[in-house]
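Chemist: Provided below: protein_19.tsv, containing TSV, C-alpha atoms (C1' of nucleotides).
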chain	number	residue	atom	x	y	z
C	211	MET	CA	-12.35	-2.11	-36.63
C	212	ALA	CA	-15.56	-4.02	-36.02
C	213	SER	CA	-15.63	-4.05	-32.24
C	214	THR	CA	-15.34	-1.14	-29.88
C	215	TYR	CA	-14.45	-2.94	-26.68
C	216	PRO	CA	-11.72	-5.55	-26.37
C	217	PHE	CA	-14.04	-8.01	-24.66
C	218	GLU	CA	-16.30	-8.06	-27.72
C	219	ALA	CA	-13.47	-8.81	-30.09
C	220	SER	CA	-12.35	-12.12	-31.49
C	221	PHE	CA	-8.83	-13.20	-30.73
C	222	GLU	CA	-7.83	-12.48	-34.35
C	223	GLU	CA	-9.19	-8.95	-34.16
C	224	LEU	CA	-7.50	-8.51	-30.85
C	225	SER	CA	-4.04	-9.43	-32.01
C	226	ALA	CA	-4.43	-7.55	-35.29
C	227	HIS	CA	-5.45	-4.29	-33.63
C	228	ALA	CA	-3.81	-4.65	-30.24
C	229	ASP	CA	-2.79	-1.01	-30.06
C	230	ALA	CA	-6.26	0.28	-30.78
C	231	PHE	CA	-7.68	-1.85	-28.00
C	232	VAL	CA	-5.00	-0.67	-25.63
C	233	ASP	CA	-6.12	2.88	-26.40
C	234	GLU	CA	-9.68	1.87	-25.68
C	235	VAL	CA	-8.79	0.49	-22.27
C	236	PHE	CA	-6.63	3.51	-21.48
C	237	ALA	CA	-9.49	5.82	-22.34
C	238	SER	CA	-11.81	4.20	-19.86
C	239	LEU	CA	-9.29	4.20	-17.00
C	240	GLU	CA	-9.49	7.02	-14.55
C	241	SER	CA	-7.53	7.98	-11.54
C	242	GLY	CA	-9.01	8.16	-8.09
C	243	PHE	CA	-6.11	9.31	-5.99
C	244	LEU	CA	-7.68	12.63	-5.02
C	245	VAL	CA	-10.16	11.04	-2.70
C	246	MET	CA	-9.59	8.19	-0.33
C	247	PRO	CA	-11.70	6.26	2.15
C	248	ARG	CA	-11.56	7.38	5.74
C	249	GLY	CA	-11.51	3.80	6.92
C	250	GLN	CA	-12.18	2.54	10.42
C	251	GLY	CA	-9.00	3.69	12.08
C	252	PHE	CA	-9.01	7.26	10.84
C	253	VAL	CA	-8.16	9.67	13.64
C	254	ALA	CA	-10.06	12.90	13.14
C	255	PHE	CA	-8.35	16.13	14.11
C	256	PRO	CA	-10.55	16.93	17.13
C	257	ASP	CA	-9.64	13.56	18.64
C	258	PHE	CA	-5.98	14.04	17.95
C	259	GLU	CA	-6.14	17.54	19.36
C	260	ASN	CA	-7.85	16.22	22.44
C	261	GLY	CA	-4.93	13.85	22.99
C	262	TYR	CA	-2.52	16.70	22.44
C	263	GLU	CA	-4.27	19.05	24.85
C	264	THR	CA	-4.41	16.34	27.49
C	265	LEU	CA	-0.70	15.75	27.17
C	266	LYS	CA	-0.01	19.46	27.24
C	267	GLN	CA	-2.02	19.78	30.43
C	268	VAL	CA	-0.42	17.00	32.43
C	269	THR	CA	3.06	18.05	31.37
C	270	GLU	CA	2.33	21.65	32.30
C	271	ASN	CA	2.92	22.96	28.81
C	272	PHE	CA	5.66	20.44	28.13
C	273	SER	CA	7.80	21.70	30.96
C	274	LYS	CA	8.13	18.28	32.56
C	275	LEU	CA	7.84	14.86	31.02
C	276	GLU	CA	7.52	12.23	33.72
C	277	GLU	CA	6.76	8.62	33.03
C	278	PRO	CA	4.34	7.91	35.93
C	279	ILE	CA	2.10	10.86	35.14
C	280	ILE	CA	2.08	10.31	31.41
C	281	PHE	CA	1.58	6.58	31.77
C	282	ALA	CA	-1.49	7.12	33.95
C	283	THR	CA	-2.79	9.73	31.53
C	284	ALA	CA	-2.21	7.48	28.55
C	285	LEU	CA	-4.41	4.78	30.05
C	286	ARG	CA	-7.19	7.29	30.45
C	287	VAL	CA	-6.70	9.04	27.08
C	288	PRO	CA	-4.88	6.53	24.86
C	289	LEU	CA	-4.40	9.02	22.03
C	290	VAL	CA	-1.73	10.57	24.22
C	291	LEU	CA	0.46	7.68	23.09
C	292	VAL	CA	-0.18	8.51	19.45
C	293	VAL	CA	0.68	12.14	20.09
C	294	LEU	CA	3.88	11.15	21.86
C	295	ARG	CA	4.81	8.95	18.94
C	296	THR	CA	4.10	11.78	16.54
C	297	MET	CA	6.36	14.09	18.54
C	298	LEU	CA	9.11	11.52	18.23
C	299	GLY	CA	8.32	11.10	14.54
C	300	PHE	CA	8.71	7.35	14.82
C	301	THR	CA	6.77	4.44	13.39
C	302	PRO	CA	5.32	2.07	15.99
C	303	SER	CA	8.03	-0.44	15.14
C	304	GLU	CA	10.78	2.08	15.69
C	305	TRP	CA	9.36	3.16	19.00
C	306	ALA	CA	9.16	-0.44	20.13
C	307	TYR	CA	12.78	-0.96	19.20
C	308	VAL	CA	14.18	1.94	21.21
C	309	ALA	CA	11.97	1.03	24.17
C	310	GLY	CA	13.17	-2.54	24.07
C	311	GLN	CA	16.79	-1.48	23.88
C	312	SER	CA	16.62	0.86	26.81
C	313	SER	CA	14.43	-1.22	29.11
C	314	GLY	CA	15.79	-4.67	28.36
C	315	LEU	CA	12.22	-5.88	28.00
C	316	GLU	CA	11.14	-7.75	24.94
C	317	ILE	CA	8.92	-5.34	23.06
C	318	THR	CA	8.13	-6.65	19.61
C	319	GLN	CA	7.33	-4.48	16.64
C	320	GLY	CA	4.06	-6.35	16.28
C	321	PHE	CA	3.09	-5.41	19.80
C	322	ALA	CA	3.60	-1.72	19.15
C	323	ARG	CA	1.76	-1.94	15.89
C	324	SER	CA	-1.29	-3.63	17.30
C	325	LEU	CA	-1.34	-1.28	20.27
C	326	ASP	CA	-1.23	1.72	17.98
C	327	ARG	CA	-3.90	0.23	15.75
C	328	LYS	CA	-6.10	-0.59	18.72
C	329	ILE	CA	-5.93	2.99	19.91
C	330	ARG	CA	-6.70	4.41	16.49
C	331	LEU	CA	-9.73	2.14	16.20
C	332	ASN	CA	-11.08	3.08	19.64
C	333	PRO	CA	-9.53	6.40	20.64
C	334	MET	CA	-11.99	6.97	23.46
C	335	THR	CA	-11.71	3.60	25.14
C	336	PRO	CA	-9.36	3.68	28.14
C	337	LEU	CA	-6.61	1.08	28.13
C	338	ARG	CA	-6.64	-1.69	30.69
C	339	PRO	CA	-3.26	-3.32	30.25
C	340	SER	CA	-2.58	-6.80	31.58
C	341	PRO	CA	0.41	-7.31	33.91
C	342	VAL	CA	2.40	-8.44	30.86
C	343	ILE	CA	1.48	-5.42	28.81
C	344	GLU	CA	1.80	-2.74	31.46
C	345	PRO	CA	5.60	-2.67	31.75
C	346	ARG	CA	5.88	-2.49	27.98
C	347	ILE	CA	3.70	0.58	27.77
C	348	ARG	CA	5.65	2.07	30.67
C	349	ALA	CA	8.87	1.42	28.77
C	350	LEU	CA	7.47	3.11	25.67
C	351	VAL	CA	6.50	6.16	27.69
C	352	GLU	CA	9.78	6.13	29.58
C	353	ILE	CA	11.97	6.22	26.50
C	354	ALA	CA	9.76	8.83	24.86
C	355	CYS	CA	10.14	11.09	27.90
C	356	LYS	CA	13.85	10.64	27.90
C	357	MET	CA	14.40	11.22	24.19
C	358	LEU	CA	12.07	14.20	24.03
C	359	SER	CA	13.74	15.73	27.08
C	360	ASP	CA	17.25	15.18	25.78
C	361	GLY	CA	16.63	16.33	22.23
C	362	ALA	CA	18.91	15.57	19.33
C	363	PRO	CA	22.57	14.80	20.00
C	364	THR	CA	25.13	16.50	17.78
C	365	THR	CA	25.95	14.51	14.69
C	366	PRO	CA	28.54	14.89	11.95
C	367	PRO	CA	27.26	17.11	9.13
C	368	GLU	CA	26.66	14.22	6.73
C	369	LEU	CA	24.31	12.57	9.22
C	370	LEU	CA	20.84	13.60	10.24
C	371	HIS	CA	19.37	12.69	13.60
C	372	ARG	CA	15.71	11.77	13.67
C	373	LEU	CA	15.07	14.16	16.54
C	374	ASP	CA	16.70	17.02	14.68
C	375	LYS	CA	13.43	18.73	13.89
C	376	ALA	CA	11.77	21.95	15.01
C	377	ASP	CA	9.94	20.73	18.08
C	378	THR	CA	12.44	18.16	19.35
C	379	ARG	CA	15.88	19.48	18.41
C	380	GLY	CA	16.68	21.15	21.71
C	381	GLY	CA	14.74	18.91	24.06
C	382	LEU	CA	11.81	20.15	26.07
C	383	SER	CA	12.49	23.81	25.43
C	384	SER	CA	11.89	23.19	21.72
C	385	ALA	CA	8.59	21.45	22.35
C	386	LYS	CA	7.59	24.12	24.80
C	387	ALA	CA	8.33	26.90	22.32
C	388	ALA	CA	6.48	25.13	19.54
C	389	ALA	CA	3.47	24.60	21.77
C	390	ALA	CA	3.46	28.21	22.93
C	391	MET	CA	4.17	30.03	19.70
C	392	GLY	CA	3.32	27.53	17.01
C	393	VAL	CA	5.58	26.83	14.07
C	394	PRO	CA	6.00	28.80	10.85
C	395	TYR	CA	4.08	27.72	7.79
C	396	ALA	CA	7.35	27.00	6.02
C	397	MET	CA	8.19	24.54	8.78
C	398	LEU	CA	4.86	22.80	8.38
C	399	LEU	CA	5.47	22.52	4.66
C	400	TYR	CA	8.97	21.20	5.23
C	401	GLU	CA	7.70	18.46	7.51
C	402	ARG	CA	5.06	17.57	4.95
C	403	PHE	CA	7.74	17.46	2.30
C	404	LEU	CA	9.87	15.04	4.30
C	405	GLY	CA	6.95	12.76	5.09
C	406	ARG	CA	4.94	12.07	2.01
C	407	PRO	CA	1.46	13.58	2.36
C	408	PHE	CA	-1.06	11.43	4.20
C	409	ALA	CA	1.36	8.54	3.98
C	410	GLY	CA	0.38	6.83	7.21
C	411	HIS	CA	-3.28	7.05	6.46
C	412	ARG	CA	-2.86	6.05	2.84
C	413	ASP	CA	-0.98	2.95	3.87
C	414	SER	CA	-3.58	2.00	6.42
C	415	ILE	CA	-6.49	2.19	4.00
C	416	SER	CA	-4.60	0.73	1.06
C	417	GLU	CA	-6.85	-2.29	0.94
C	418	LEU	CA	-10.08	-0.31	1.14
C	419	VAL	CA	-9.19	1.40	-2.11
C	420	GLY	CA	-9.41	-1.92	-3.89
C	421	ASP	CA	-12.63	-2.75	-2.08
C	422	VAL	CA	-14.49	-0.17	-4.12
C	423	LEU	CA	-13.87	-2.14	-7.30
C	424	GLU	CA	-14.41	-5.50	-5.67
C	425	LEU	CA	-17.72	-4.34	-4.29
C	426	ALA	CA	-18.84	-3.20	-7.73
C	427	ILE	CA	-18.01	-6.61	-9.17
C	428	GLU	CA	-19.78	-8.32	-6.31
C	429	THR	CA	-22.89	-6.27	-7.01
C	430	GLU	CA	-22.89	-7.27	-10.68
C	431	LEU	CA	-22.55	-10.94	-9.81
C	432	THR	CA	-25.15	-10.85	-7.08
C	433	ASN	CA	-27.69	-9.03	-9.21
C	434	ALA	CA	-27.33	-11.68	-11.89
C	435	GLY	CA	-27.70	-14.44	-9.32
C	436	ILE	CA	-24.33	-15.89	-10.15
C	437	SER	CA	-22.68	-18.15	-7.60
C	438	PHE	CA	-19.22	-16.95	-6.72
C	439	ARG	CA	-16.54	-17.35	-4.15
C	440	LYS	CA	-14.80	-14.20	-3.02
C	441	THR	CA	-11.43	-14.92	-1.51
C	442	ARG	CA	-9.98	-13.11	1.44
C	443	ARG	CA	-6.59	-11.63	2.08
C	444	ALA	CA	-3.75	-14.10	1.92
C	445	GLU	CA	-6.20	-16.96	1.54
C	446	ARG	CA	-4.96	-20.27	0.21
C	447	VAL	CA	-6.97	-21.93	-2.52
C	448	PRO	CA	-5.92	-25.34	-3.82
C	449	GLY	CA	-4.54	-25.18	-7.35
C	450	PHE	CA	-3.58	-21.50	-7.16
C	451	ASP	CA	-0.34	-20.24	-5.68
C	452	GLN	CA	-2.07	-16.93	-5.08
C	453	ALA	CA	-5.81	-16.93	-4.84
C	454	PRO	CA	-7.66	-14.86	-7.46
C	455	ASP	CA	-10.17	-12.39	-6.06
C	456	PHE	CA	-13.27	-14.13	-7.38
C	457	ILE	CA	-13.87	-17.70	-8.45
C	458	VAL	CA	-17.05	-18.74	-10.28
C	459	PRO	CA	-18.97	-20.79	-9.45
C	460	SER	CA	-16.84	-22.06	-6.56
C	461	GLU	CA	-13.29	-22.81	-5.58
C	462	PHE	CA	-13.94	-26.53	-6.13
C	463	ASN	CA	-14.89	-25.93	-9.73
C	464	PRO	CA	-13.08	-22.90	-11.09
C	465	GLN	CA	-14.69	-22.07	-14.42
C	466	ILE	CA	-14.06	-18.36	-14.32
C	467	VAL	CA	-11.61	-16.38	-12.22
C	468	ILE	CA	-11.62	-12.61	-11.80
C	469	GLU	CA	-8.67	-10.53	-10.71
C	470	ALA	CA	-9.57	-7.04	-9.52
C	471	LYS	CA	-6.86	-4.45	-9.12
C	472	ILE	CA	-6.62	-0.73	-8.69
C	473	THR	CA	-3.27	0.93	-8.73
C	474	GLU	CA	-1.95	4.42	-9.19
C	475	ASP	CA	1.60	3.18	-9.44
C	476	ASP	CA	3.16	1.74	-12.58
C	477	GLY	CA	5.44	-0.66	-10.73
C	478	THR	CA	2.47	-2.27	-9.09
C	479	ALA	CA	0.65	-2.40	-12.40
C	480	ARG	CA	3.46	-4.40	-13.91
C	481	ASP	CA	3.25	-6.83	-11.04
C	482	LYS	CA	-0.47	-7.33	-11.65
C	483	VAL	CA	0.03	-7.96	-15.34
C	484	THR	CA	2.50	-10.68	-14.48
C	485	ARG	CA	-0.01	-12.22	-12.13
C	486	ILE	CA	-2.78	-12.21	-14.70
C	487	GLN	CA	-0.47	-13.74	-17.27
C	488	HIS	CA	0.34	-16.40	-14.74
C	489	LEU	CA	-3.35	-17.14	-14.28
C	490	ALA	CA	-3.72	-17.39	-18.04
C	491	SER	CA	-0.91	-19.92	-18.27
C	492	LEU	CA	-2.48	-21.91	-15.42
C	493	SER	CA	-5.66	-21.91	-17.44
C	494	ALA	CA	-3.85	-23.14	-20.52
C	495	SER	CA	-1.99	-25.93	-18.77
C	496	GLY	CA	-4.46	-26.90	-16.09
C	497	GLY	CA	-3.21	-28.41	-12.87
C	498	PRO	CA	-3.68	-31.15	-10.31
C	499	SER	CA	-6.85	-29.57	-8.97
C	500	LEU	CA	-7.57	-27.18	-11.82
C	501	PRO	CA	-9.62	-27.74	-14.94
C	502	ARG	CA	-8.04	-26.52	-18.15
C	503	GLY	CA	-9.43	-23.56	-19.99
C	504	PHE	CA	-11.08	-21.61	-17.20
C	505	GLU	CA	-11.76	-18.04	-18.21
C	506	VAL	CA	-9.52	-15.31	-16.83
C	507	ILE	CA	-11.07	-11.87	-16.41
C	508	ALA	CA	-9.24	-8.74	-15.33
C	509	CYS	CA	-11.02	-5.79	-13.76
C	510	ILE	CA	-8.69	-2.86	-13.39
C	511	GLY	CA	-8.68	0.74	-12.25
C	512	GLY	CA	-6.31	3.59	-11.53
C	513	ARG	CA	-3.84	5.50	-13.61
C	514	GLY	CA	-1.04	3.04	-12.86
C	515	PHE	CA	-2.19	0.80	-15.67
C	516	LYS	CA	-2.03	3.69	-18.12
C	517	GLN	CA	1.73	3.87	-17.91
C	518	ARG	CA	2.38	0.62	-19.67
C	519	ARG	CA	1.23	0.12	-23.19
C	520	GLU	CA	3.20	-3.10	-23.73
C	521	ASP	CA	1.95	-4.58	-20.49
C	522	MET	CA	-1.62	-3.71	-21.35
C	523	LYS	CA	-1.19	-5.53	-24.66
C	524	LYS	CA	0.02	-8.57	-22.78
C	525	MET	CA	-2.94	-8.39	-20.47
C	526	LEU	CA	-5.40	-8.09	-23.34
C	527	LEU	CA	-3.93	-11.09	-25.09
C	528	ALA	CA	-3.65	-13.18	-21.93
C	529	THR	CA	-7.30	-12.59	-21.08
C	530	LYS	CA	-8.44	-12.77	-24.69
C	531	GLY	CA	-9.70	-9.25	-24.37
C	532	LYS	CA	-11.61	-9.75	-21.13
C	533	VAL	CA	-10.33	-6.59	-19.51
C	534	PHE	CA	-12.88	-4.38	-17.78
C	535	THR	CA	-12.68	-1.05	-16.03
C	536	VAL	CA	-15.05	0.72	-13.69
C	537	LYS	CA	-16.67	2.34	-16.72
C	538	THR	CA	-17.28	-0.91	-18.59
C	539	LEU	CA	-18.13	-3.05	-15.60
C	540	THR	CA	-21.83	-3.10	-16.51
C	541	LYS	CA	-20.89	-5.21	-19.52
C	542	LEU	CA	-18.96	-7.68	-17.41
C	543	ILE	CA	-21.51	-10.48	-17.50
C	544	GLU	CA	-22.92	-10.03	-20.97
C	545	PHE	CA	-19.55	-10.36	-22.67
C	546	THR	CA	-18.01	-13.18	-20.69
C	547	ARG	CA	-18.83	-16.75	-19.81
C	548	LEU	CA	-20.36	-15.36	-16.65
C	549	LYS	CA	-23.63	-15.18	-18.57
C	550	GLU	CA	-23.72	-18.99	-18.56
C	551	PHE	CA	-24.06	-18.85	-14.78
C	552	ARG	CA	-26.75	-16.21	-14.70
C	553	THR	CA	-29.90	-17.27	-12.85
C	554	THR	CA	-31.89	-14.06	-12.93
C	555	ARG	CA	-32.89	-11.77	-15.72
N	40	DA	C1'	-0.87	-12.03	21.58
N	41	DT	C1'	2.13	-13.12	17.86
N	42	DT	C1'	3.42	-14.31	13.22
N	43	DG	C1'	3.34	-14.52	8.35
N	44	DC	C1'	1.41	-12.94	4.07
N	45	DA	C1'	-0.16	-9.95	0.49
N	46	DT	C1'	-0.60	-5.37	-0.90
N	47	DT	C1'	0.89	-0.83	-1.99
N	48	DA	C1'	3.88	3.31	-2.85
N	49	DA	C1'	8.26	5.18	-3.40
N	50	DT	C1'	12.88	5.24	-4.86
N	51	DG	C1'	17.54	4.38	-6.97
N	52	DC	C1'	20.07	2.22	-10.52
N	53	DC	C1'	20.43	0.58	-15.15
N	54	DT	C1'	19.71	0.52	-20.13
N	55	DC	C1'	18.40	2.31	-24.34
N	56	DG	C1'	17.53	5.58	-27.80
N	57	DA	C1'	16.90	10.31	-29.57
N	58	DG	C1'	19.01	14.48	-30.34
N	59	DT	C1'	23.06	17.42	-30.53
S	113	DA	C1'	30.95	10.73	-29.07
S	114	DC	C1'	28.21	12.62	-25.58
S	115	DT	C1'	24.09	14.10	-22.84
S	116	DC	C1'	19.67	13.60	-21.19
S	117	DG	C1'	15.25	11.67	-20.33
S	118	DA	C1'	12.10	7.81	-20.17
S	119	DG	C1'	11.02	3.44	-18.98
S	120	DG	C1'	12.13	-1.05	-16.82
S	121	DC	C1'	13.47	-3.43	-12.79
S	122	DA	C1'	14.48	-4.60	-8.10
S	123	DT	C1'	14.36	-3.35	-3.47
S	124	DT	C1'	12.50	-1.33	0.71
S	125	DA	C1'	9.17	0.23	4.15
S	126	DA	C1'	4.74	0.25	6.10
S	127	DT	C1'	0.40	-1.64	6.83
S	128	DG	C1'	-3.99	-4.73	8.08
S	129	DC	C1'	-5.69	-9.02	8.85
S	130	DA	C1'	-6.12	-14.17	8.83
S	131	DA	C1'	-4.01	-17.89	10.88
S	132	DT	C1'	-1.71	-19.71	14.66
Give the structure from the file, written as structure tokens.
Modeler:
Amino acid sequence: MASTYPFEASFEELSAHADAFVDEVFASLESGFLVMPRGQGFVAFPDFENGYETLKQVTENFSKLEEPIIFATALRVPLVLVVLRTMLGFTPSEWAYVAGQSSGLEITQGFARSLDRKIRLNPMTPLRPSPVIEPRIRALVEIACKMLSDGAPTTPPELLHRLDKADTRGGLSSAKAAAAMGVPYAMLLYERFLGRPFAGHRDSISELVGDVLELAIETELTNAGISFRKTRRAERVPGFDQAPDFIVPSEFNPQIVIEAKITEDDGTARDKVTRIQHLASLSASGGPSLPRGFEVIACIGGRGFKQRREDMKKMLLATKGKVFTVKTLTKLIEFTRLKEFRTTR
DNA sequence: ATTGCATTAATGCCTCGAGT
DNA sequence: ACTCGAGGCATTAATGCAAT
């Protein structure tokens, strides 16, 4: 085979040796799941512990859970709310639902989510709720106190109550015991097993993971002095049903589009392949506000793409070989039409 | 403040083919 | 003919942020 990398190959070479090029791309893909960004809203353990200790103090070692006291404390140390939610083992949405049901107030899932997010972003900033917000927070605290005090009701054996866990099963006495004596390592592991490890945090930084790749592309483009338009989340760009991540030189004149995707999951990878194929067909057909024949470039990362040989073939053919990974990103400009837009050496 | 959108991971069900 | 595993596919849940 004459060419090493798919982006150097002619279309004839590409289709003749598709499998070899798939191997080449696979070889340069690596997985990055072992490390993840902390992100803005990451709650470090000392902060979380501070919330916990505060709650433990004002409840006198979890011997009494009273709404007025906890509400006042939560305003002062907002992480108390996060700790309460963790004791319940609920998502913000779920907490909002039970609070709404029991209080009769309208407490939307979005409200609980943004409150939780706000606290995680600024754990040390006291809350100053407006008259509209205050009763909602009170209702959240109220229902948490009640549920944590009552513990899990008995359920038929085939059902499992969400409060049926070590520290909440028997109401306050369970929490009290857990706080005083700790919980066995096996119990910690069991909880971890039920909730996939780092799930909440992973979900919240899911977009930052992709940023690493996007930033690398941005650097390449900027260094070469190439004009580009980077689209934002859920942005609408005329001509595209879903906006590609980069458009060169601008959204009004799409000559080159770049899709950047990292995934560790094969289902997601499949989805991305479909999307890139769709871009390729848009390029072939053109559209009301799209010139025909714009170049489609894929920049990919993560082991998810390794799972699917057939899909990778499709992607290589759809992009005419213009598939880059973190390892080959330095060749991005040289081997694509991007070089036509270069203004610096 | 609320809503809608895109993104991501995880999971169950289905199909297909290899091996017994 | 049957079993088992792998891969494909669709669905679900959770999340942050731009738009409203």
Chemist: Would you pick out the contacts of segment 301-317 of chain C at 12 Å or less, using all atoms listed in the file, so that residues sharing its chain but fewer than 3 positions from it are not included, and give the list as a ChimeraX atom specification?
Modeler: /C:291-298,320-327,329,342-357,372,405,409-410 /N:40-41 /S:125-127
Chemist: Which residue gives the smallest distance to chain N among C:Ala453, C:Leu492, C:Leu337, C:Ile543, with only C-alpha atoms (C1' of nucleotides) counted?
Modeler: C:Ala453
Chemist: Residues at most 10 Å from segment 53-58 of chain N, counting all atoms listed in the file, excluding those fewer than 6 positions away in the same chain, as a list in words?
Modeler: DT115, DC116, DG117, DA118, DG119, DG120 and DC121 of chain S
Chemist: Closest to chain N among C:Ile507, C:Ala426, C:Ile436, C:Ile415, using only C-alpha atoms (C1' of nucleotides)?
Modeler: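 With only C-alpha atoms (C1' of nucleotides) as the atom set, the closest residue is C:Ile415.
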Chemist: Output the contact residues of chain N with respect to chain C at a cut-off of 12 Å, based on all atoms listed in the file, as a PyMOL selection string.
Modeler: chain N and resi 40-50
Chemist: Could you name the residues that touch segment 421-424 of chain C at 8 Å or less, counting all atoms listed in the file, but leaving out those on the same chain fewer than 5 positions away, as a PyMOL selection string?
Modeler: chain C and resi 470-472+509+511+536
Chemist: How many Å separate atom CA of Leu527 of chain C from atom CA of Phe221 of chain C?
Modeler: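 If I compute the distance from atom CA of Leu527 of chain C to atom CA of Phe221 of chain C, I get 7.8 Å.
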Chemist: Would you work out the distance separating atom CA of Gln267 of chain C from atom CA of Leu373 of chain C, expressed in Å to one decimal?
Modeler: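 Interatomic distance here is 22.7 Å.
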Chemist: One number please: atom CA of Arg248 of chain C to atom CA of Gly512 of chain C, in Å, one decimal.
Modeler: 18.4 Å
Chemist: Near Pro288 of chain C, counting all atoms listed in the file, which residues have an atom at most 9 Å away, once you skip same-chain residues fewer than 6 positions from it, shown as a ChimeraX atom specification?
Modeler: /C:261,329-330,332-337
